[in-house]
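Visitor: Encoded as structure tokens, here's the structure I'll be asking about.
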Amino acid sequence: QISMSEKQHEVLLHKHTRREFRQRMQLGELKACIIPTAAIEQHLEHLAIEHDTRSCLHISTLVADRLAPQVIVAQAMHIGISEHHMRHIGTLTAMPGSWLAVLVDVIRSMHHAGFTNILVLNGHGGNIAPCEGIWDQFLQRLEINLYFRSYWDFLPEQVAKAHLKTGRLPGHAQEFETAFAMAAFPENVRHDAMADQVDKEPLEATAEAGAAMIEAIVTEVADFVAGMIDGRHVAEIPPFLP
């Protein structure tokens with residue numbers, strides 16, 4: 001039988017029982033929540049369809065591990081806004097309105113649980129514009145320390161320049177995402193397909209570059225979330241118009 005003390009560093013919300021989560025909240029142990037948002041969509045011929053979701057969850061989990069026991073990762077929003085990929089069967093998509101409605105409900109649920117520091121960590125480009133367009137309204141409605149950021153935005157420019165031969169960031173299934181997969185979940189990379197497909201840019205990717213970039217991103221995201229907790233990063237709530 002696993003004791004609560006042995007589970008105190010569990011970082012995934014859905015792995016807790018209700019008692020375990022309640023006790024951690026009552027103890028004041030959990031200070032911030034990460035909500036991963038991504039997509040299930042085609043990633044050329046050589047990367048698994050789950051790439052965006054798995055990469056975003058990978059970063060989120062490593063960040064929470066680094067800041068344990070203060071941070072928890074909520075259930076990832078696996079399906080994203082991917083209408084522009086629907087000509088490739090297997091892609092799943094949501095309409096912007098329905099997707100944003102679910103996202104705000106997830107945020108509200110975590111706020112109801114007691115979190116006032118929430119980072120929505122994004123892993124899919126199609127989710128960005130709808131979120132940026134409505135984020136001020138989310139802040140006005142909830143009045144909490146709430147941020148939306150894509151994980152690749154945390155990659156320092158000097159690290160990107162040192163490890164990306166093409167300079168493209170993030171790119172769709174290009175060098176960056178391919179290097180990420182090679183380093184974090186190599187079983188998702190089909191090397192034979194990568195060599196055969198028309199797009200050759202992914203061939204520039206290496207696992208070593210992927211590992212270096214992942215480490216830099218995790219370091220920066222962890223510092224940002226720590227700053228949310230200690231008051232260095234506080235979202236400005238836009239004023240209501242008179």
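Ordered as shown in the structure tokens, chains take letters A, B, and onward, while each chain numbers its residues from 1 and ligands are numbered from 1 in the order shown.
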Taking only segment 79-147 of chain A into account, list the residues labelled helix (DSSP H, G or I) by DSSP (computed from the backbone), as a ChimeraX atom specification.

Guide: /A:83-85,96-113,125-142

Visitor: Env of Ser55 of chain A: 8 Å cut, atoms = only C-alpha atoms, seq-sep filter 4 positions within chain, self excluded. Answer as an MDAnalysis selection string.

Guide: chainID A and resid 51 59 123 180:181 184

Visitor: Asp136 of chain A: which residues within 12 Å, counting only C-alpha atoms, same-chain residues fewer than 6 positions away excluded, as a list in words?

Guide: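 Skipping anything fewer than 6 positions along the chain leaves Pro130, Leu142, Glu143, Ile144, Asn145, Leu146, Tyr147, Phe148, Ala235, Glu236, Ile237, Pro238, Pro239 and Phe240 of chain A.
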
Visitor: Mind the document's chain letters and residue numbers, and return as a ChimeraX atom specification the residues of segment 43-229 of chain A that DSSP labels strand (DSSP E or B).

Guide: /A:43,47,71-73,77,80,92-93,117-122,145-150,189

Visitor: Distance atom CA of Glu83 of chain A-atom CA of Cys56 of chain A, one decimal place?

Guide: 19.8 Å

Visitor: Name the residues in contact with segment 84-94 of chain A at a cut-off of 7 Å, using only C-alpha atoms, excluding same-chain residues fewer than 4 positions from it; report them as number ranges by chain.

Guide: A: 40-42, 79-80, 98-99

Visitor: Per residue of segment 1-100 of chain A within 10 Å of segment 227-234 of chain A, record the nearest atom pair and its distance in Å to one decimal, counting only C-alpha atoms, with rows in chain order and ascending residue number, as CSV.

Guide:
```
residue,atom,partner,partner_atom,distance
A:Leu30,CA,A:Ile229,CA,10.0
A:Lys31,CA,A:Ile229,CA,6.4
A:Ala32,CA,A:Ile229,CA,6.7
A:Gln70,CA,A:Ile229,CA,8.8
A:Val71,CA,A:Ile229,CA,9.5
```

Visitor: Put those residues in a file: C-alpha atoms, as a PDB file, in the first residue's frame.

Guide:
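Result written to again-v6.pdb:
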```
ATOM      1  CA  LEU A  30       0.223  22.854  -4.094  1.00  0.00           C
ATOM      2  CA  LYS A  31       0.859  26.423  -5.262  1.00  0.00           C
ATOM      3  CA  ALA A  32       0.398  26.354  -9.041  1.00  0.00           C
ATOM      4  CA  GLN A  70       4.358  22.758  -5.433  1.00  0.00           C
ATOM      5  CA  VAL A  71       2.979  22.181  -8.946  1.00  0.00           C
TER       6      VAL A  71
END
```

Visitor: Quick one: residues within 8 Å of Ala48 of chain A, only C-alpha atoms, excluding same-chain residues fewer than 5 positions away - as a list in words?

Guide: Gln42, His43, Asn188 and Val189 of chain A

Visitor: Would you work out the distance separating atom CA of Leu155 of chain A from atom CA of Ala212 of chain A, expressed in Å to one decimal?

Guide: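 Computed distance, atom CA of Leu155 of chain A to atom CA of Ala212 of chain A, equals 10.1 Å.
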
Visitor: What is the distance, in Å and to one decimal place, between atom CA of His58 of chain A and atom CA of Asn122 of chain A?

Guide: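 Taking atom CA of His58 of chain A and atom CA of Asn122 of chain A, their separation equals 11.7 Å.
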